[in-house]
Amino acid sequence: MTRDENRHKSDSGMEHFGYRQSLDRSIGAFGSFAAGVSYISILTGTFQLFWLGYGTAGPAYLWSWPLVLVGQLAVALCFMELAAKYPIAGSVYNWSKILGSRIVGWSSGWLMLTASVVTLSAVVLALQLNLPRLWKGFQLVGDGTGPYDFATNAVVLGTIWIVFTTVVNALGVRLMAMINSAGVFIELIAACLIAIILGLHMRRGPEVFFSTGGYGTGAPGGYLGAFLVASLASGYVMYGFDTASSLGEETHEPRRTAPRAILRAILASFVIGGAILVAAVLSVPDLKDPMIGSSSGGLQYIVELVSWGPLGKVFLGCIVVAVTVCALAVHTAAIRLSFAMARDNALPFGERLAAVNPDTQTPIVPAVVIGVIAALILVINIGQPKIFTVLTSIAVIMIYLAYLMVTGPQLLKRLKGQWPPPDLAAGGYFSMGRWGLPVNFLAVAWGAGMALNLAWPREAVYGTPWYNTWGAFVYIAVILGAGLAWYGLKGRHHIGTLASHAADAADGGRRPGQG
């Protein structure tokens, strides 16, 4: 073995976790940061969901933005400790498995994986909100006035983009990181410019954020009820920062790089996204304009109103770039999660899903499988758009539940005095120290409360009939139940690190998949 190979093996540290290094360790600090930012995707989330928040609770809904930050920052701080200790692919799955138990880990991984595939479908649908505005030629199906033109065209555009993310991910993490980093750079610059231009057109003061404006009148719970619904627009955006840690096996010095990337990603998204949202409300010509609270208007509509000449089109192009890298990051995270689970033989056809191409050093089979399933899910949007909306909302709930399956066991470890491990602070890695217990408690309380708020049966959000209104409970029960049925009947009997991925016995590595 050469000196370079020895150094690479030592740097990887995978033997400590019972695995051999099989992925390409080539992601740097900015690439790790970009992975987290692109999943959160300031321009994708804020532009896709602003109308929901504003249309439900008016300008004051923006107080949900800092509220969500506080809760998600608590989760992120817990994840930062874990990323410093366990920089392993499929982070949430592995962390819950190590902190909790095999079935807790498998359940969190299954929820996260199915949610990620649905999220990929939901993200690419955002292209329909932007591409035809950019150029009418992107309306490939009909002229946009037919009953199914909008939905069908969204599926066509989405499928094309999924093919793109599949090919990029199959060609290797270096290409993915390069495209993702370039896209995030463009997104950050564009987001800052959008905030500045909106700020230059401010027409009113911040007093609008301290008034209910008549919203919530007659609604169940009054304005509080309306605000809780509107807060979904913020809760749907600020997650996915764990992607930086999910790429830990492909990142240089991951125990230091990944925690910093997580923190920077969530703070950058909060500051820049918040600036856009605030400036948009203060700059819109007419607060009562119904287009602001409409899915066909929203933030895109405001930017087009106040931008000079072709500048609005330029910004729409930047939003398309943001959607592209967001889809790429979601697809990448789903691939790493499926690889991590398959490597533990915790999924059907584990050996094939965990196979790493020797040329690209990336798992190609899960890239293709996830892409095909995501494209098939898109078809639901044509005839049953309400069911698709329910499924995409439920996907976010499942991710919050998967996060809970990490922060919950971590809190129990703290209460037993078993966390944090002494080598974190002693090795100079991130640790919350004495602040760990209250922050961890907040993360668990926040996750449980937000999951309940997201899942609450509201016809205004989930529609009818009853199985849509109660969709969070019905569909999650079906998805988790189907997964647990496979686990109970077959999976639990053969879960364990595949021989093709296990560290040599001489390396002293343990096998987390068998614990």
# chains A, B, ... in the order shown; residues from 1 in each chain; ligands from 1
call {"tool": "residues_around", "arguments": {"residues": "range 376-387 of chain A", "least_positions_apart": "6", "cutoff": "10 Å", "atoms": "only C-alpha atoms", "output": "PDB file with C-alpha atoms, in the first residue's frame"}}
result
ATOM      1  CA  VAL A 117     -38.230  10.654  -2.834  1.00  0.00           C
ATOM      2  CA  VAL A 118     -41.563  12.489  -2.560  1.00  0.00           C
ATOM      3  CA  LEU A 120     -37.706  15.350  -5.021  1.00  0.00           C
ATOM      4  CA  SER A 121     -40.988  15.139  -6.934  1.00  0.00           C
ATOM      5  CA  ALA A 122     -42.357  18.193  -5.120  1.00  0.00           C
ATOM      6  CA  VAL A 124     -39.192  19.811  -9.513  1.00  0.00           C
ATOM      7  CA  LEU A 125     -42.876  20.777  -9.704  1.00  0.00           C
ATOM      8  CA  PRO A 147     -57.917  21.864 -17.403  1.00  0.00           C
ATOM      9  CA  TYR A 148     -54.834  19.632 -17.285  1.00  0.00           C
ATOM     10  CA  ASP A 149     -52.299  21.778 -19.171  1.00  0.00           C
ATOM     11  CA  PHE A 150     -50.660  23.226 -16.057  1.00  0.00           C
ATOM     12  CA  ALA A 151     -50.416  19.940 -14.136  1.00  0.00           C
ATOM     13  CA  THR A 152     -49.330  17.836 -17.119  1.00  0.00           C
ATOM     14  CA  ASN A 153     -46.670  20.308 -18.181  1.00  0.00           C
ATOM     15  CA  ALA A 154     -45.367  20.372 -14.615  1.00  0.00           C
ATOM     16  CA  VAL A 155     -44.906  16.606 -14.807  1.00  0.00           C
ATOM     17  CA  VAL A 156     -43.088  16.817 -18.147  1.00  0.00           C
ATOM     18  CA  GLY A 158     -40.185  17.753 -13.644  1.00  0.00           C
ATOM     19  CA  THR A 159     -39.348  14.467 -15.333  1.00  0.00           C
ATOM     20  CA  ILE A 370     -34.950   6.930  -6.860  1.00  0.00           C
ATOM     21  CA  SER A 393     -46.954  17.958   2.971  1.00  0.00           C
ATOM     22  CA  VAL A 461     -54.616  22.548   4.027  1.00  0.00           C
ATOM     23  CA  TYR A 462     -55.394  18.952   3.145  1.00  0.00           C
ATOM     24  CA  GLY A 463     -58.868  19.263   1.649  1.00  0.00           C
ATOM     25  CA  THR A 464     -61.465  16.510   1.545  1.00  0.00           C
ATOM     26  CA  TYR A 467     -58.644  10.436   4.203  1.00  0.00           C
ATOM     27  CA  ASN A 468     -57.059  13.602   2.833  1.00  0.00           C
ATOM     28  CA  GLY A 471     -53.906  12.323   5.530  1.00  0.00           C
TER      29      GLY A 471
END
call {"tool": "atom_distance", "arguments": {"atom1": "CA of Ser245 in chain A", "atom2": "CA of Ile40 in chain A"}}
result
13.9 Å
call {"tool": "closest_residue", "arguments": {"among": "A:Leu67, A:Ala367, A:Leu412, A:Val168", "to": "Ser96 in chain A", "atoms": "only C-alpha atoms"}}
result
A:Leu412
call {"tool": "residues_around", "arguments": {"residues": "Met178 in chain A", "least_positions_apart": "4", "cutoff": "8 Å", "atoms": "only C-alpha atoms", "output": "NGL selection string"}}
result
:A and (31 or 174 or 182)
call {"tool": "write_last_selection", "arguments": {"atoms": "C-alpha atoms", "output": "mmCIF file, in the first residue's frame"}}
result
data_model
loop_
_atom_site.group_PDB
_atom_site.id
_atom_site.type_symbol
_atom_site.label_atom_id
_atom_site.label_comp_id
_atom_site.auth_asym_id
_atom_site.auth_seq_id
_atom_site.Cartn_x
_atom_site.Cartn_y
_atom_site.Cartn_z
ATOM 1 C CA GLY A 31 -19.142 22.065 -1.192
ATOM 2 C CA ARG A 174 -17.207 15.579 -7.949
ATOM 3 C CA ALA A 182 -21.835 26.896 -8.736
#
call {"tool": "atom_distance", "arguments": {"atom1": "CA of Gly221 in chain A", "atom2": "CA of Glu459 in chain A"}}
result
14.3 Å
call {"tool": "residues_around", "arguments": {"residues": "Gly371 in chain A", "least_positions_apart": "3", "cutoff": "7 Å", "atoms": "only C-alpha atoms", "output": "PyMOL selection string"}}
result
chain A and resi 162-163+166+367-368+374-375
call {"tool": "write_last_selection", "arguments": {"atoms": "N, CA, C and O atoms", "output": "PDB file, in the first residue's frame"}}
result
ATOM      1  N   ILE A 162     -35.530  15.518 -13.376  1.00  0.00           N
ATOM      2  CA  ILE A 162     -35.144  14.326 -12.619  1.00  0.00           C
ATOM      3  C   ILE A 162     -34.149  13.484 -13.413  1.00  0.00           C
ATOM      4  O   ILE A 162     -33.207  12.921 -12.838  1.00  0.00           O
ATOM      5  N   VAL A 163     -34.339  13.410 -14.725  1.00  0.00           N
ATOM      6  CA  VAL A 163     -33.361  12.708 -15.574  1.00  0.00           C
ATOM      7  C   VAL A 163     -31.993  13.372 -15.433  1.00  0.00           C
ATOM      8  O   VAL A 163     -30.960  12.700 -15.317  1.00  0.00           O
ATOM      9  N   THR A 166     -30.446  12.580 -12.058  1.00  0.00           N
ATOM     10  CA  THR A 166     -30.044  11.168 -12.036  1.00  0.00           C
ATOM     11  C   THR A 166     -28.710  10.976 -12.746  1.00  0.00           C
ATOM     12  O   THR A 166     -27.807  10.310 -12.229  1.00  0.00           O
ATOM     13  N   ALA A 367     -29.399   5.784  -7.529  1.00  0.00           N
ATOM     14  CA  ALA A 367     -29.640   7.034  -8.247  1.00  0.00           C
ATOM     15  C   ALA A 367     -30.736   6.838  -9.288  1.00  0.00           C
ATOM     16  O   ALA A 367     -31.661   7.663  -9.416  1.00  0.00           O
ATOM     17  N   VAL A 368     -30.655   5.735 -10.015  1.00  0.00           N
ATOM     18  CA  VAL A 368     -31.642   5.448 -11.057  1.00  0.00           C
ATOM     19  C   VAL A 368     -32.991   5.058 -10.443  1.00  0.00           C
ATOM     20  O   VAL A 368     -34.045   5.551 -10.867  1.00  0.00           O
ATOM     21  N   ALA A 374     -39.470   8.743  -8.273  1.00  0.00           N
ATOM     22  CA  ALA A 374     -39.875  10.147  -8.157  1.00  0.00           C
ATOM     23  C   ALA A 374     -40.649  10.598  -9.387  1.00  0.00           C
ATOM     24  O   ALA A 374     -41.646  11.330  -9.283  1.00  0.00           O
ATOM     25  N   ALA A 375     -40.226  10.157 -10.577  1.00  0.00           N
ATOM     26  CA  ALA A 375     -40.929  10.518 -11.803  1.00  0.00           C
ATOM     27  C   ALA A 375     -42.321   9.890 -11.845  1.00  0.00           C
ATOM     28  O   ALA A 375     -43.290  10.526 -12.289  1.00  0.00           O
TER      29      ALA A 375
END
call {"tool": "residues_around", "arguments": {"residues": "range 223-236 of chain A", "least_positions_apart": "2", "cutoff": "10 Å", "atoms": "only C-alpha atoms", "output": "PyMOL selection string"}}
result
chain A and resi 40+45-46+48-58+60-69+71-72+212-221+238-239+392-393+395-397+400+450-451+453-454+456+458+460-461
call {"tool": "closest_residue", "arguments": {"among": "A:Ala342, A:Leu484, A:Ala472, A:Cys318", "to": "Ile394 in chain A", "atoms": "only C-alpha atoms"}}
result
A:Ala472
call {"tool": "residues_around", "arguments": {"residues": "Phe138 in chain A", "least_positions_apart": "3", "cutoff": "12 Å", "atoms": "only C-alpha atoms", "output": "list in words"}}
result
Leu127, Gln128, Leu129, Asn130, Leu131, Pro132, Arg133, Leu134, Trp135, Val141, Gly142, Asp143, Gly144, Asp149, Phe150, Asn153, Ala154, Val156, Leu157, Gly158 and Ile160 of chain A
call {"tool": "write_last_selection", "arguments": {"atoms": "N, CA, C and O atoms", "output": "short mmCIF file (atom, residue, chain, number, x, y, z; two decimals), in the first residue's frame"}}
result
data_model
loop_
_atom_site.label_atom_id
_atom_site.label_comp_id
_atom_site.auth_asym_id
_atom_site.auth_seq_id
_atom_site.Cartn_x
_atom_site.Cartn_y
_atom_site.Cartn_z
N LEU A 127 -40.77 24.11 -10.99
CA LEU A 127 -40.33 24.61 -12.29
C LEU A 127 -41.51 25.18 -13.09
O LEU A 127 -41.36 26.14 -13.85
N GLN A 128 -42.69 24.58 -12.91
CA GLN A 128 -43.87 25.04 -13.64
C GLN A 128 -44.26 26.46 -13.23
O GLN A 128 -44.85 27.20 -14.02
N LEU A 129 -43.92 26.84 -12.00
CA LEU A 129 -44.24 28.19 -11.53
C LEU A 129 -43.30 29.24 -12.12
O LEU A 129 -43.60 30.44 -12.06
N ASN A 130 -42.17 28.80 -12.68
CA ASN A 130 -41.15 29.76 -13.11
C ASN A 130 -40.79 29.69 -14.59
O ASN A 130 -40.66 30.73 -15.24
N LEU A 131 -40.61 28.48 -15.13
CA LEU A 131 -40.14 28.37 -16.51
C LEU A 131 -41.11 28.99 -17.53
O LEU A 131 -40.67 29.76 -18.40
N PRO A 132 -42.42 28.71 -17.50
CA PRO A 132 -43.32 29.36 -18.46
C PRO A 132 -43.38 30.87 -18.30
O PRO A 132 -43.66 31.59 -19.27
N ARG A 133 -43.14 31.38 -17.10
CA ARG A 133 -43.05 32.84 -16.90
C ARG A 133 -41.81 33.39 -17.58
O ARG A 133 -41.79 34.51 -18.07
N LEU A 134 -40.75 32.56 -17.58
CA LEU A 134 -39.48 32.97 -18.17
C LEU A 134 -39.57 33.01 -19.68
O LEU A 134 -39.07 33.93 -20.34
N TRP A 135 -40.22 31.98 -20.24
CA TRP A 135 -40.40 31.88 -21.70
C TRP A 135 -41.59 30.98 -21.97
O TRP A 135 -41.68 29.86 -21.46
N VAL A 141 -47.09 21.54 -23.02
CA VAL A 141 -48.39 20.87 -23.14
C VAL A 141 -49.49 21.92 -23.22
O VAL A 141 -49.74 22.65 -22.26
N GLY A 142 -50.14 22.01 -24.38
CA GLY A 142 -51.22 22.97 -24.54
C GLY A 142 -50.73 24.40 -24.43
O GLY A 142 -49.54 24.69 -24.57
N ASP A 143 -51.66 25.29 -24.15
CA ASP A 143 -51.31 26.71 -24.00
C ASP A 143 -51.44 27.19 -22.56
O ASP A 143 -51.34 28.38 -22.28
N GLY A 144 -51.67 26.25 -21.64
CA GLY A 144 -51.78 26.61 -20.23
C GLY A 144 -53.19 26.91 -19.78
O GLY A 144 -53.43 27.12 -18.58
N ASP A 149 -53.53 21.26 -18.56
CA ASP A 149 -52.30 21.78 -19.17
C ASP A 149 -51.22 22.07 -18.12
O ASP A 149 -50.06 21.67 -18.28
N PHE A 150 -51.62 22.79 -17.08
CA PHE A 150 -50.66 23.23 -16.06
C PHE A 150 -50.04 22.01 -15.35
O PHE A 150 -48.82 21.89 -15.26
N ASN A 153 -47.94 19.68 -17.81
CA ASN A 153 -46.67 20.31 -18.18
C ASN A 153 -45.69 20.28 -17.02
O ASN A 153 -44.48 20.11 -17.20
N ALA A 154 -46.22 20.44 -15.81
CA ALA A 154 -45.37 20.37 -14.61
C ALA A 154 -44.71 19.00 -14.51
O ALA A 154 -43.53 18.89 -14.14
N VAL A 156 -44.07 16.95 -17.07
CA VAL A 156 -43.09 16.82 -18.15
C VAL A 156 -41.79 17.52 -17.79
O VAL A 156 -40.69 16.95 -17.89
N LEU A 157 -41.89 18.77 -17.35
CA LEU A 157 -40.69 19.52 -16.96
C LEU A 157 -39.98 18.85 -15.79
O LEU A 157 -38.75 18.72 -15.78
N GLY A 158 -40.77 18.41 -14.81
CA GLY A 158 -40.19 17.75 -13.64
C GLY A 158 -39.43 16.48 -14.01
O GLY A 158 -38.34 16.22 -13.48
N ILE A 160 -38.00 15.77 -16.87
CA ILE A 160 -36.76 16.14 -17.55
C ILE A 160 -35.68 16.50 -16.53
O ILE A 160 -34.52 16.07 -16.65
#
call {"tool": "residues_around", "arguments": {"residues": "Phe79 in chain A", "least_positions_apart": "4", "cutoff": "8 Å", "atoms": "only C-alpha atoms", "output": "ChimeraX atom specification"}}
result
/A:75,83,242,259
